[in-house]
>>> print(open('data26.cif').read())   # mmCIF, C-alpha atoms
data_final
#
loop_
_atom_site.label_atom_id
_atom_site.label_comp_id
_atom_site.auth_asym_id
_atom_site.auth_seq_id
_atom_site.Cartn_x
_atom_site.Cartn_y
_atom_site.Cartn_z
CA MET C 13 -20.26 -53.75 -34.55
CA LEU C 14 -21.99 -51.02 -32.56
CA LEU C 15 -19.67 -51.32 -29.57
CA LYS C 16 -16.65 -51.50 -31.86
CA LYS C 17 -17.63 -48.15 -33.39
CA LYS C 18 -18.02 -46.63 -29.95
CA ILE C 19 -14.62 -47.87 -28.84
CA GLU C 20 -12.96 -46.51 -31.94
CA ARG C 21 -14.52 -43.09 -31.39
CA ARG C 22 -13.53 -43.08 -27.73
CA LYS C 23 -9.95 -43.89 -28.73
CA PHE C 24 -10.09 -41.06 -31.25
CA LEU C 25 -11.33 -38.58 -28.65
CA TYR C 26 -8.71 -39.78 -26.21
CA GLY C 27 -6.03 -38.94 -28.72
CA LEU C 28 -7.74 -35.64 -29.39
CA GLY C 29 -7.67 -34.73 -25.71
CA GLY C 30 -4.08 -35.84 -25.23
CA SER C 31 -2.81 -33.52 -27.95
CA MET C 32 -4.49 -30.13 -27.76
CA LEU C 33 -6.46 -30.15 -24.57
CA ALA C 34 -3.41 -29.24 -22.61
CA LEU C 35 -5.24 -26.44 -20.89
CA PRO C 36 -5.37 -22.46 -20.64
CA LEU C 37 -3.95 -18.65 -17.69
CA LEU C 38 -4.30 -15.30 -15.67
CA GLU C 39 -2.10 -12.96 -13.66
CA ILE C 40 -2.88 -11.86 -10.11
CA ASN C 41 -3.45 -8.11 -9.89
CA ALA C 42 -0.74 -7.46 -7.32
CA SER C 43 -1.47 -3.73 -7.36
CA SER C 44 -4.68 -4.25 -5.38
CA PRO C 45 -3.75 -4.57 -1.68
CA SER C 46 -7.33 -5.52 -0.79
CA LEU C 47 -7.21 -8.64 -2.94
CA ILE C 48 -7.66 -11.85 -1.00
CA PRO C 49 -5.25 -14.38 -2.53
CA PRO C 50 -6.83 -17.63 -3.68
CA LYS C 51 -6.13 -20.99 -2.13
CA ARG C 52 -3.95 -23.44 -4.05
CA ILE C 53 -3.34 -27.18 -3.85
CA THR C 54 -0.26 -29.12 -4.90
CA ALA C 55 0.14 -32.88 -4.49
CA THR C 56 3.46 -34.69 -4.85
CA GLY C 57 3.14 -38.47 -5.08
CA ILE C 58 6.14 -40.79 -4.70
CA PHE C 59 5.34 -44.11 -6.37
CA TYR C 60 7.43 -46.39 -4.11
CA GLY C 61 6.58 -44.63 -0.85
CA PHE C 62 9.02 -44.19 2.02
CA VAL C 63 10.58 -46.60 4.52
CA PRO C 64 7.96 -46.24 7.31
CA GLU C 65 10.31 -46.15 10.31
CA ASN C 66 12.33 -43.39 8.65
CA PHE C 67 9.24 -41.27 7.90
CA HIS C 68 6.77 -41.61 10.78
CA PRO C 69 7.76 -40.04 14.13
CA VAL C 70 7.48 -42.14 17.27
CA GLU C 71 5.95 -39.42 19.43
CA THR C 72 2.70 -37.64 18.64
CA GLY C 73 1.90 -34.00 19.17
CA SER C 74 4.18 -31.03 18.70
CA HIS C 75 7.21 -32.39 20.55
CA PHE C 76 7.98 -35.29 18.24
CA THR C 77 11.56 -36.22 17.44
CA THR C 78 12.16 -35.59 13.75
CA PRO C 79 12.73 -38.91 11.95
CA GLU C 80 15.69 -39.22 9.62
CA LEU C 81 13.82 -38.66 6.37
CA LEU C 82 12.11 -35.48 7.57
CA LYS C 83 15.27 -33.73 8.74
CA PRO C 84 15.60 -31.78 5.48
CA LEU C 85 12.32 -30.11 6.52
CA ASP C 86 13.61 -28.88 9.90
CA SER C 87 13.51 -25.25 8.78
CA TYR C 88 9.77 -25.61 8.17
CA ARG C 89 8.79 -27.68 11.19
CA GLN C 90 6.05 -25.21 12.15
CA ASP C 91 4.77 -25.21 8.57
CA TYR C 92 3.89 -28.88 8.19
CA THR C 93 1.99 -31.71 9.84
CA VAL C 94 2.98 -35.35 9.43
CA PHE C 95 0.23 -37.97 9.64
CA SER C 96 0.20 -41.65 10.45
CA GLY C 97 -2.68 -44.11 10.51
CA LEU C 98 -4.32 -42.74 7.34
CA ASP C 99 -4.91 -44.76 4.19
CA HIS C 100 -7.58 -45.82 1.71
CA ASN C 101 -8.19 -49.28 3.23
CA LEU C 102 -6.89 -50.74 -0.02
CA SER C 103 -4.64 -53.61 -0.94
CA GLY C 104 -3.06 -54.31 -4.30
CA GLY C 105 0.50 -53.15 -3.89
CA HIS C 106 1.86 -51.05 -6.72
CA ASN C 107 -1.43 -51.01 -8.61
CA ALA C 108 -3.17 -49.24 -5.70
CA THR C 109 -0.68 -46.36 -5.72
CA LYS C 110 -2.46 -44.98 -8.80
CA PHE C 111 -5.40 -44.14 -6.56
CA PHE C 112 -3.40 -42.12 -4.03
CA LEU C 113 -5.44 -38.98 -4.71
CA SER C 114 -8.82 -40.68 -5.10
CA GLY C 115 -8.98 -43.67 -2.75
CA ILE C 116 -11.16 -45.62 -5.17
CA PRO C 117 -9.90 -48.14 -7.76
CA THR C 118 -11.55 -47.82 -11.15
CA ASN C 119 -13.14 -51.26 -10.84
CA GLN C 120 -14.90 -50.17 -7.62
CA SER C 121 -16.10 -46.75 -8.74
CA LYS C 122 -19.64 -47.52 -9.91
CA GLY C 123 -21.21 -46.94 -6.52
CA PHE C 124 -19.86 -43.41 -6.24
CA ALA C 125 -21.54 -40.34 -7.70
CA GLU C 126 -18.31 -39.02 -9.23
CA ALA C 127 -16.63 -42.36 -9.96
CA ASN C 128 -13.07 -42.16 -8.65
CA ILE C 129 -12.43 -38.47 -9.24
CA SER C 130 -9.14 -37.50 -7.65
CA MET C 131 -8.90 -34.77 -5.05
CA ASP C 132 -6.96 -32.46 -7.37
CA GLN C 133 -9.58 -32.77 -10.13
CA LYS C 134 -12.40 -32.14 -7.66
CA ALA C 135 -10.61 -28.91 -6.78
CA ALA C 136 -9.97 -28.18 -10.48
CA ASP C 137 -13.70 -28.46 -11.24
CA PHE C 138 -14.30 -25.83 -8.56
CA VAL C 139 -11.75 -23.46 -10.12
CA GLY C 140 -13.22 -23.94 -13.58
CA LYS C 141 -12.31 -21.15 -16.01
CA GLN C 142 -11.01 -18.69 -13.42
CA THR C 143 -7.44 -19.56 -14.42
CA ARG C 144 -5.92 -20.44 -17.77
CA TYR C 145 -5.41 -24.00 -16.58
CA SER C 146 -7.94 -25.48 -14.19
CA SER C 147 -5.17 -27.90 -13.20
CA LEU C 148 -1.78 -29.17 -14.29
CA THR C 149 -0.99 -32.88 -14.09
CA LEU C 150 2.75 -33.56 -14.19
CA ASP C 151 4.99 -36.63 -14.10
CA ALA C 152 8.77 -36.39 -13.83
CA ASP C 153 9.22 -39.85 -15.34
CA ARG C 154 9.32 -39.73 -19.14
CA GLY C 155 8.56 -43.38 -19.79
CA ASN C 156 5.97 -44.46 -17.25
CA GLU C 157 2.19 -44.64 -17.67
CA HIS C 158 1.47 -43.70 -14.05
CA SER C 159 -0.99 -40.88 -13.36
CA LEU C 160 -2.35 -39.50 -10.09
CA ALA C 161 -5.24 -37.56 -11.64
CA TRP C 162 -8.64 -39.07 -12.46
CA THR C 163 -11.68 -37.44 -13.99
CA ARG C 164 -15.22 -37.79 -12.68
CA ASN C 165 -15.93 -40.43 -15.34
CA GLY C 166 -13.00 -42.59 -14.25
CA ASN C 167 -10.43 -41.71 -16.93
CA ALA C 168 -6.80 -41.18 -16.03
CA ILE C 169 -5.47 -37.78 -17.13
CA GLN C 170 -2.31 -38.16 -19.17
CA PRO C 171 0.35 -36.06 -17.47
CA ILE C 172 2.79 -33.55 -18.91
CA ARG C 173 6.25 -35.11 -18.71
CA SER C 174 8.27 -32.52 -20.60
CA LEU C 175 9.73 -29.48 -18.88
CA GLU C 176 10.04 -27.75 -22.21
CA LYS C 177 6.37 -28.30 -22.98
CA LEU C 178 5.37 -27.09 -19.53
CA TYR C 179 7.44 -23.93 -19.95
CA ARG C 180 5.82 -23.26 -23.34
CA LEU C 181 2.34 -23.71 -21.93
CA LEU C 182 3.00 -21.26 -19.13
CA PHE C 183 5.05 -18.54 -20.79
CA ARG C 184 5.37 -18.84 -24.56
CA LYS C 185 3.77 -15.86 -26.32
CA GLU C 186 2.00 -16.68 -29.57
CA ASN C 187 2.31 -14.45 -32.62
CA SER C 188 -0.77 -13.71 -34.74
CA THR C 189 -0.05 -16.61 -37.09
CA ASP C 190 0.22 -19.10 -34.22
CA ARG C 191 -2.85 -17.62 -32.57
CA ASN C 192 -4.96 -17.97 -35.71
CA GLN C 193 -3.76 -21.52 -36.25
CA THR C 194 -4.67 -22.40 -32.66
CA ALA C 195 -8.11 -20.86 -33.13
CA ARG C 196 -8.68 -22.93 -36.28
CA THR C 197 -7.53 -26.07 -34.50
CA LEU C 198 -9.92 -25.41 -31.62
CA ALA C 199 -12.81 -24.80 -34.04
CA ASP C 200 -12.00 -28.00 -35.94
CA LYS C 201 -11.93 -30.06 -32.80
CA LYS C 202 -15.18 -28.54 -31.57
CA SER C 203 -16.77 -29.49 -34.89
CA ILE C 204 -15.47 -33.04 -34.62
CA LEU C 205 -16.91 -33.32 -31.12
CA ASP C 206 -20.27 -32.00 -32.32
CA LEU C 207 -20.31 -34.63 -35.07
CA ALA C 208 -19.32 -37.35 -32.65
CA LYS C 209 -22.18 -36.41 -30.33
CA LEU C 210 -24.69 -36.54 -33.18
CA GLN C 211 -23.48 -39.97 -34.19
CA ALA C 212 -23.52 -41.18 -30.62
CA ASP C 213 -27.12 -39.99 -30.24
CA ASP C 214 -28.03 -42.31 -33.10
CA PHE C 215 -26.37 -45.21 -31.23
CA ARG C 216 -28.67 -44.76 -28.26
CA LYS C 217 -31.66 -46.30 -30.05
CA ASN C 218 -32.40 -49.88 -29.08
CA LEU C 219 -29.47 -50.15 -26.64
CA GLY C 220 -29.62 -52.34 -23.59
CA THR C 221 -28.93 -51.12 -20.05
CA GLU C 222 -25.21 -51.93 -20.06
CA ASP C 223 -24.59 -50.34 -23.44
CA THR C 224 -26.58 -47.27 -22.41
CA GLN C 225 -24.33 -46.88 -19.37
CA LYS C 226 -21.26 -47.13 -21.57
CA LEU C 227 -22.69 -44.54 -23.92
CA ASP C 228 -23.36 -42.21 -20.96
CA GLN C 229 -19.72 -42.58 -19.97
CA TYR C 230 -18.81 -41.69 -23.53
CA PHE C 231 -20.93 -38.53 -23.38
CA THR C 232 -19.25 -37.59 -20.11
CA SER C 233 -15.87 -37.89 -21.83
CA VAL C 234 -17.09 -35.70 -24.68
CA ARG C 235 -18.30 -33.06 -22.23
CA GLU C 236 -14.90 -33.09 -20.51
CA PHE C 237 -13.19 -32.38 -23.83
CA GLU C 238 -15.75 -29.69 -24.67
CA LYS C 239 -15.01 -27.93 -21.38
CA ARG C 240 -11.28 -27.95 -22.14
CA ILE C 241 -11.82 -26.61 -25.64
CA ASP C 242 -14.09 -23.86 -24.30
CA GLN C 243 -11.49 -22.97 -21.67
CA SER C 244 -8.70 -22.84 -24.25
CA SER C 245 -10.85 -20.60 -26.46
CA LEU C 246 -11.67 -18.29 -23.57
CA TRP C 247 -7.99 -17.70 -22.78
CA LEU C 248 -6.75 -17.63 -26.36
CA ASP C 249 -6.46 -13.82 -26.51
CA GLN C 250 -5.28 -13.37 -22.93
CA GLU C 251 -1.60 -12.47 -22.69
CA LYS C 252 0.59 -14.95 -20.85
CA PRO C 253 2.67 -13.60 -17.96
CA ASP C 254 6.23 -12.36 -18.37
CA THR C 255 9.06 -14.08 -16.56
CA ASP C 256 12.83 -13.77 -16.38
CA TYR C 257 13.04 -17.45 -15.52
CA THR C 258 14.40 -19.78 -18.19
CA ILE C 259 15.05 -23.49 -18.24
CA PRO C 260 18.34 -24.82 -19.56
CA THR C 261 18.62 -25.95 -23.16
CA GLY C 262 17.93 -29.68 -23.37
CA ALA C 263 16.22 -29.71 -19.97
CA ASP C 264 14.29 -32.87 -20.84
CA SER C 265 17.53 -34.80 -21.37
CA LEU C 266 18.85 -34.04 -17.88
CA THR C 267 18.85 -36.61 -15.09
CA LEU C 268 16.06 -36.70 -12.52
CA HIS C 269 18.45 -35.09 -10.03
CA ASP C 270 18.71 -32.00 -12.24
CA ARG C 271 15.16 -31.97 -13.65
CA THR C 272 13.33 -32.17 -10.31
CA PRO C 273 14.15 -28.64 -9.09
CA LEU C 274 13.10 -27.30 -12.49
CA PHE C 275 9.67 -28.94 -12.11
CA TYR C 276 9.25 -27.34 -8.70
CA ASP C 277 10.43 -23.96 -10.04
CA LEU C 278 7.81 -24.02 -12.79
CA ILE C 279 5.14 -25.17 -10.33
CA THR C 280 5.98 -22.20 -8.11
CA LEU C 281 5.77 -19.79 -11.04
CA ALA C 282 2.49 -21.31 -12.24
CA LEU C 283 0.97 -20.69 -8.80
CA GLN C 284 2.51 -17.23 -8.40
CA THR C 285 1.14 -16.02 -11.75
CA ASP C 286 -2.24 -17.64 -11.06
CA SER C 287 -1.87 -19.68 -14.23
CA THR C 288 -3.40 -22.50 -12.23
CA ARG C 289 -4.29 -23.22 -8.63
CA VAL C 290 -4.15 -27.03 -8.72
CA ILE C 291 -1.08 -29.11 -9.58
CA SER C 292 -0.15 -32.77 -9.11
CA LEU C 293 3.39 -34.09 -9.61
CA ALA C 294 4.20 -37.80 -9.77
CA PHE C 295 7.60 -39.42 -9.27
CA THR C 296 7.99 -43.01 -10.35
CA ASN C 297 11.28 -44.42 -11.67
CA LEU C 298 14.67 -42.74 -11.64
CA GLY C 299 15.40 -42.94 -15.35
CA LYS C 300 18.88 -42.92 -16.79
CA GLU C 301 21.99 -43.08 -14.63
CA ASN C 302 19.89 -43.99 -11.59
CA GLY C 303 18.53 -40.48 -11.62
CA GLY C 304 21.98 -38.96 -11.23
CA ILE C 305 21.58 -39.20 -7.43
CA PRO C 306 25.03 -39.62 -5.87
CA GLY C 307 25.58 -43.00 -4.24
CA VAL C 308 22.68 -44.79 -5.94
CA THR C 309 23.97 -47.83 -7.80
CA GLN C 310 20.86 -50.01 -8.12
CA GLY C 311 17.40 -49.58 -9.62
CA TYR C 312 14.71 -47.87 -7.55
CA HIS C 313 12.30 -50.81 -7.69
CA THR C 314 15.03 -53.25 -6.70
CA LEU C 315 16.01 -51.10 -3.72
CA SER C 316 12.38 -50.70 -2.63
CA HIS C 317 12.33 -54.48 -2.10
CA HIS C 318 15.26 -54.19 0.28
CA GLY C 319 14.49 -57.32 2.33
CA GLN C 320 15.61 -55.43 5.45
CA VAL C 321 19.19 -55.50 4.18
CA PRO C 322 20.84 -52.45 5.80
CA ASP C 323 22.98 -51.53 2.79
CA ALA C 324 19.94 -51.57 0.51
CA ILE C 325 17.91 -49.46 2.93
CA ASP C 326 20.78 -46.97 3.17
CA GLU C 327 20.89 -46.65 -0.62
CA LEU C 328 17.11 -46.38 -0.84
CA SER C 329 17.27 -43.63 1.77
CA LEU C 330 19.44 -41.59 -0.58
CA ILE C 331 16.55 -41.52 -3.07
CA GLU C 332 13.92 -40.80 -0.44
CA THR C 333 16.02 -38.07 1.18
CA PHE C 334 16.47 -36.49 -2.24
CA HIS C 335 12.70 -36.30 -2.71
CA VAL C 336 12.12 -34.80 0.75
CA SER C 337 14.99 -32.32 0.22
CA GLN C 338 13.50 -31.15 -3.06
CA PHE C 339 10.08 -30.79 -1.43
CA SER C 340 11.74 -28.76 1.33
CA ARG C 341 13.33 -26.49 -1.27
CA PHE C 342 9.88 -26.07 -2.84
CA LEU C 343 8.37 -25.01 0.50
CA GLY C 344 11.17 -22.48 0.89
CA LYS C 345 10.39 -20.95 -2.49
CA LEU C 346 6.69 -20.71 -1.61
CA LYS C 347 7.50 -19.11 1.73
CA ASP C 348 9.78 -16.51 0.15
CA ILE C 349 7.01 -15.16 -2.12
CA LYS C 350 4.82 -12.47 -0.61
CA GLU C 351 1.15 -12.26 -1.57
CA PRO C 352 -0.65 -8.90 -2.08
CA ASN C 353 -2.12 -9.06 1.43
CA GLY C 354 1.23 -9.71 3.13
CA ALA C 355 0.83 -13.46 3.54
CA THR C 356 3.20 -15.86 1.81
CA LEU C 357 2.42 -18.13 -1.10
CA LEU C 358 2.94 -21.05 1.29
CA ASP C 359 0.27 -19.63 3.61
CA ASN C 360 -2.19 -20.01 0.75
CA THR C 361 -0.91 -23.28 -0.74
CA MET C 362 -1.78 -26.69 0.66
CA ALA C 363 1.30 -28.69 -0.32
CA LEU C 364 0.80 -32.43 0.05
CA LEU C 365 3.64 -34.98 0.01
CA GLY C 366 2.94 -38.68 0.21
CA SER C 367 2.29 -41.95 -1.54
CA GLY C 368 -0.30 -44.64 -2.08
CA MET C 369 2.42 -47.10 -1.00
CA SER C 370 3.55 -47.30 2.61
CA ASN C 371 6.03 -50.15 2.55
CA ALA C 372 7.12 -51.23 -0.91
CA ASN C 373 9.17 -54.07 0.57
CA SER C 374 5.96 -55.82 1.62
CA HIS C 375 3.68 -54.20 -1.00
CA SER C 376 1.64 -52.63 1.80
CA ASN C 377 -0.86 -49.84 1.14
CA ARG C 378 -1.76 -49.32 4.79
CA ASP C 379 -0.64 -46.51 7.12
CA LEU C 380 0.49 -44.29 4.26
CA PRO C 381 3.28 -41.71 4.55
CA ILE C 382 1.45 -38.38 4.46
CA LEU C 383 2.68 -34.85 5.07
CA LEU C 384 0.78 -31.60 4.53
CA ALA C 385 2.40 -28.17 4.61
CA GLY C 386 1.02 -24.64 4.45
CA GLY C 387 -2.45 -23.69 3.30
CA GLY C 388 -3.65 -21.92 6.45
CA PHE C 389 -3.76 -24.93 8.78
CA LYS C 390 -2.21 -25.08 12.24
CA HIS C 391 0.91 -27.19 11.79
CA GLY C 392 4.01 -28.28 13.69
CA GLN C 393 2.76 -31.66 14.86
CA HIS C 394 2.55 -35.39 14.26
CA MET C 395 -1.04 -36.62 14.19
CA HIS C 396 -1.62 -40.36 14.63
CA PHE C 397 -4.96 -42.01 13.95
CA ALA C 398 -5.54 -45.41 15.50
CA ARG C 399 -7.16 -48.14 13.46
CA SER C 400 -10.68 -49.21 14.37
CA GLY C 401 -10.70 -52.97 13.89
CA LYS C 402 -9.50 -53.62 10.36
CA GLN C 403 -10.45 -50.13 9.15
CA SER C 404 -8.11 -47.17 9.13
CA THR C 405 -9.17 -43.54 9.27
CA PRO C 406 -9.84 -42.68 5.62
CA LEU C 407 -7.19 -40.54 3.96
CA CYS C 408 -10.14 -39.00 2.14
CA ASN C 409 -11.03 -37.31 5.45
CA LEU C 410 -7.88 -35.23 5.02
CA TYR C 411 -8.79 -34.57 1.41
CA LEU C 412 -12.26 -33.43 2.45
CA SER C 413 -10.69 -30.99 4.92
CA MET C 414 -8.43 -29.70 2.16
CA LEU C 415 -11.30 -29.28 -0.29
CA GLN C 416 -13.38 -27.38 2.25
CA ASN C 417 -10.39 -25.15 2.98
CA PHE C 418 -10.07 -24.63 -0.78
CA GLY C 419 -13.59 -23.23 -0.83
CA LEU C 420 -15.84 -26.16 -1.73
CA GLU C 421 -19.09 -26.45 0.19
CA VAL C 422 -19.11 -30.24 0.44
CA ASP C 423 -19.51 -32.63 3.35
CA GLN C 424 -18.45 -35.79 1.51
CA TYR C 425 -15.57 -36.76 -0.73
CA ASN C 426 -15.29 -40.30 -2.08
CA THR C 427 -14.70 -42.64 0.91
CA SER C 428 -14.55 -39.95 3.59
CA SER C 429 -16.42 -40.40 6.86
CA GLY C 430 -16.09 -36.71 7.74
CA THR C 431 -13.36 -34.10 7.97
CA LEU C 432 -10.10 -34.97 9.70
CA THR C 433 -10.44 -34.65 13.46
CA GLY C 434 -7.87 -32.35 15.05
CA LEU C 435 -6.69 -30.58 11.91
CA GLU C 436 -7.53 -26.95 12.56
CA LYS C 437 -7.38 -23.87 10.39
CA ILE C 438 -5.63 -20.70 11.46
CA SER C 439 -8.33 -18.24 12.42
#
>>> encode(input="data26.cif", output="structure tokens")
Amino acid sequence: MLLKKKIERRKFLYGLGGSMLALPLLEINASSPSLIPPKRITATGIFYGFVPENFHPVETGSHFTTPELLKPLDSYRQDYTVFSGLDHNLSGGHNATKFFLSGIPTNQSKGFAEANISMDQKAADFVGKQTRYSSLTLDADRGNEHSLAWTRNGNAIQPIRSLEKLYRLLFRKENSTDRNQTARTLADKKSILDLAKLQADDFRKNLGTEDTQKLDQYFTSVREFEKRIDQSSLWLDQEKPDTDYTIPTGADSLTLHDRTPLFYDLITLALQTDSTRVISLAFTNLGKENGGIPGVTQGYHTLSHHGQVPDAIDELSLIETFHVSQFSRFLGKLKDIKEPNGATLLDNTMALLGSGMSNANSHSNRDLPILLAGGGFKHGQHMHFARSGKQSTPLCNLYLSMLQNFGLEVDQYNTSSGTLTGLEKIS
């Protein structure tokens, strides 16, 4: 009966967090030329990966021949690095792709101090209340339960799937009535959390070791919600930024082909206005009309299991090329925006593209397709990391390098064995 009560309360708090705790914002003071722009991180995860031979260059170094899938990025060749030989040393096929940004499955997280916290959420914890939203977790697929973001207590963060909701969060101005209602809602939810904590304290008496651990996890969840409520309250009276950008009416009913650039547009604006500095974006299925991508006639999952049939690979390449092309467009938008100190938004944004799946045809999670652009690193190369026995170089080494570049003073992140050798910052 005791555990049943705890589960019911955890479900209640989960619903509570999924509704209101959709985060808080701040504008950069562009009038101050001495301002040092902050670092940002974006992570785009493609659920079914990329055909390896079309993504990974053959040659290493700066003189690699651009593989077919990366040709849409030719204009930004000096702005990105492509990696091979990195992964999380995981198996599990599609299920392992959920841990692309953490490297640790939930059922293996007990031995780690921060469970399987994802790289974006580690960065978000560092940002804290400096921005309205410590992070934004997005998913372009309206019907999937896939999430790239994991909290330090091992809970998946439910992503924002609606463009219209995302636009409202970033730019909708609240009138006094809406503001007061939001304030009351925040106060009510804080009171509910306070009551839940008191009741949970009573549960602690006479609990065994396992139940005590579960209760501690529960308290961690409560603290996560408290932090989000406090952040929302802090930013409640701060004006949201103005923008001339609008999304089309009925944006959420558009095909993936037409919604994807809108997601990247809003991501760019969120970074430019310093509404957040950390964003993840997941792409899973195509949705209706095969995503509206010209030439695609079969389902994405079906095509990913192409069986080396050339026609299937060609059709799958249309989807993968679309994703790389949209990422290229995103890099162009970041590069066109000047920061107060003369650098570009891309110079200060580490933009990651990749997947927790390397070869969906064989359900392989090894040698993942990874590309990192911008962020103040020296780019323009293909870096290959040879496997040592059965172990690959941990992808978390790259994440550790990114987190340090973001400003964290850490020498360990999840399964990392150190920072990534050879990846240098621009001095």
>>> closest_residue(input="data26.cif", among="C:Thr93, C:Gln338, C:Thr118, C:Thr405", to="C:Gly388", atoms="all atoms listed in the file")
C:Thr93
>>> residues_around(input="data26.cif", residues="stretch 420-427 of chain C", least_positions_apart="3", cutoff="9 Å", atoms="only C-alpha atoms", output="PDB file with C-alpha atoms, in the coordinates of the input")
ATOM      1  CA  HIS C 100      -7.580 -45.820   1.710  1.00  0.00           C
ATOM      2  CA  SER C 114      -8.820 -40.680  -5.100  1.00  0.00           C
ATOM      3  CA  GLY C 115      -8.980 -43.670  -2.750  1.00  0.00           C
ATOM      4  CA  ILE C 116     -11.160 -45.620  -5.170  1.00  0.00           C
ATOM      5  CA  PHE C 124     -19.860 -43.410  -6.240  1.00  0.00           C
ATOM      6  CA  ALA C 125     -21.540 -40.340  -7.700  1.00  0.00           C
ATOM      7  CA  GLU C 126     -18.310 -39.020  -9.230  1.00  0.00           C
ATOM      8  CA  ALA C 127     -16.630 -42.360  -9.960  1.00  0.00           C
ATOM      9  CA  ASN C 128     -13.070 -42.160  -8.650  1.00  0.00           C
ATOM     10  CA  ILE C 129     -12.430 -38.470  -9.240  1.00  0.00           C
ATOM     11  CA  SER C 130      -9.140 -37.500  -7.650  1.00  0.00           C
ATOM     12  CA  MET C 131      -8.900 -34.770  -5.050  1.00  0.00           C
ATOM     13  CA  LYS C 134     -12.400 -32.140  -7.660  1.00  0.00           C
ATOM     14  CA  ALA C 135     -10.610 -28.910  -6.780  1.00  0.00           C
ATOM     15  CA  PHE C 138     -14.300 -25.830  -8.560  1.00  0.00           C
ATOM     16  CA  PRO C 406      -9.840 -42.680   5.620  1.00  0.00           C
ATOM     17  CA  LEU C 407      -7.190 -40.540   3.960  1.00  0.00           C
ATOM     18  CA  CYS C 408     -10.140 -39.000   2.140  1.00  0.00           C
ATOM     19  CA  ASN C 409     -11.030 -37.310   5.450  1.00  0.00           C
ATOM     20  CA  TYR C 411      -8.790 -34.570   1.410  1.00  0.00           C
ATOM     21  CA  LEU C 412     -12.260 -33.430   2.450  1.00  0.00           C
ATOM     22  CA  LEU C 415     -11.300 -29.280  -0.290  1.00  0.00           C
ATOM     23  CA  GLN C 416     -13.380 -27.380   2.250  1.00  0.00           C
ATOM     24  CA  ASN C 417     -10.390 -25.150   2.980  1.00  0.00           C
ATOM     25  CA  GLY C 430     -16.090 -36.710   7.740  1.00  0.00           C
ATOM     26  CA  THR C 431     -13.360 -34.100   7.970  1.00  0.00           C
TER      27      THR C 431
END
>>> residues_near_point(input="data26.cif", point="(2.2, -51.1, -0.8)", cutoff="12 Å", atoms="only C-alpha atoms", output="ChimeraX atom specification")
/C:58-64,99-112,316-317,367-381
>>> write_last_selection(input="data26.cif", atoms="C-alpha atoms", output="PDB file, keeping the file's coordinate frame")
ATOM      1  CA  ILE C  58       6.140 -40.790  -4.700  1.00  0.00           C
ATOM      2  CA  PHE C  59       5.340 -44.110  -6.370  1.00  0.00           C
ATOM      3  CA  TYR C  60       7.430 -46.390  -4.110  1.00  0.00           C
ATOM      4  CA  GLY C  61       6.580 -44.630  -0.850  1.00  0.00           C
ATOM      5  CA  PHE C  62       9.020 -44.190   2.020  1.00  0.00           C
ATOM      6  CA  VAL C  63      10.580 -46.600   4.520  1.00  0.00           C
ATOM      7  CA  PRO C  64       7.960 -46.240   7.310  1.00  0.00           C
ATOM      8  CA  ASP C  99      -4.910 -44.760   4.190  1.00  0.00           C
ATOM      9  CA  HIS C 100      -7.580 -45.820   1.710  1.00  0.00           C
ATOM     10  CA  ASN C 101      -8.190 -49.280   3.230  1.00  0.00           C
ATOM     11  CA  LEU C 102      -6.890 -50.740  -0.020  1.00  0.00           C
ATOM     12  CA  SER C 103      -4.640 -53.610  -0.940  1.00  0.00           C
ATOM     13  CA  GLY C 104      -3.060 -54.310  -4.300  1.00  0.00           C
ATOM     14  CA  GLY C 105       0.500 -53.150  -3.890  1.00  0.00           C
ATOM     15  CA  HIS C 106       1.860 -51.050  -6.720  1.00  0.00           C
ATOM     16  CA  ASN C 107      -1.430 -51.010  -8.610  1.00  0.00           C
ATOM     17  CA  ALA C 108      -3.170 -49.240  -5.700  1.00  0.00           C
ATOM     18  CA  THR C 109      -0.680 -46.360  -5.720  1.00  0.00           C
ATOM     19  CA  LYS C 110      -2.460 -44.980  -8.800  1.00  0.00           C
ATOM     20  CA  PHE C 111      -5.400 -44.140  -6.560  1.00  0.00           C
ATOM     21  CA  PHE C 112      -3.400 -42.120  -4.030  1.00  0.00           C
ATOM     22  CA  SER C 316      12.380 -50.700  -2.630  1.00  0.00           C
ATOM     23  CA  HIS C 317      12.330 -54.480  -2.100  1.00  0.00           C
ATOM     24  CA  SER C 367       2.290 -41.950  -1.540  1.00  0.00           C
ATOM     25  CA  GLY C 368      -0.300 -44.640  -2.080  1.00  0.00           C
ATOM     26  CA  MET C 369       2.420 -47.100  -1.000  1.00  0.00           C
ATOM     27  CA  SER C 370       3.550 -47.300   2.610  1.00  0.00           C
ATOM     28  CA  ASN C 371       6.030 -50.150   2.550  1.00  0.00           C
ATOM     29  CA  ALA C 372       7.120 -51.230  -0.910  1.00  0.00           C
ATOM     30  CA  ASN C 373       9.170 -54.070   0.570  1.00  0.00           C
ATOM     31  CA  SER C 374       5.960 -55.820   1.620  1.00  0.00           C
ATOM     32  CA  HIS C 375       3.680 -54.200  -1.000  1.00  0.00           C
ATOM     33  CA  SER C 376       1.640 -52.630   1.800  1.00  0.00           C
ATOM     34  CA  ASN C 377      -0.860 -49.840   1.140  1.00  0.00           C
ATOM     35  CA  ARG C 378      -1.760 -49.320   4.790  1.00  0.00           C
ATOM     36  CA  ASP C 379      -0.640 -46.510   7.120  1.00  0.00           C
ATOM     37  CA  LEU C 380       0.490 -44.290   4.260  1.00  0.00           C
ATOM     38  CA  PRO C 381       3.280 -41.710   4.550  1.00  0.00           C
TER      39      PRO C 381
END
>>> decode(input="data26.cif", residues="stretch 157-161 of chain C", atoms="C-alpha atoms", output="CSV table (one decimal), in the first residue's frame")
chain,number,residue,atom,x,y,z
C,157,GLU,CA,7.5,9.0,-27.1
C,158,HIS,CA,11.2,9.4,-27.9
C,159,SER,CA,13.2,11.9,-25.9
C,160,LEU,CA,16.9,12.8,-26.0
C,161,ALA,CA,16.9,14.6,-22.6
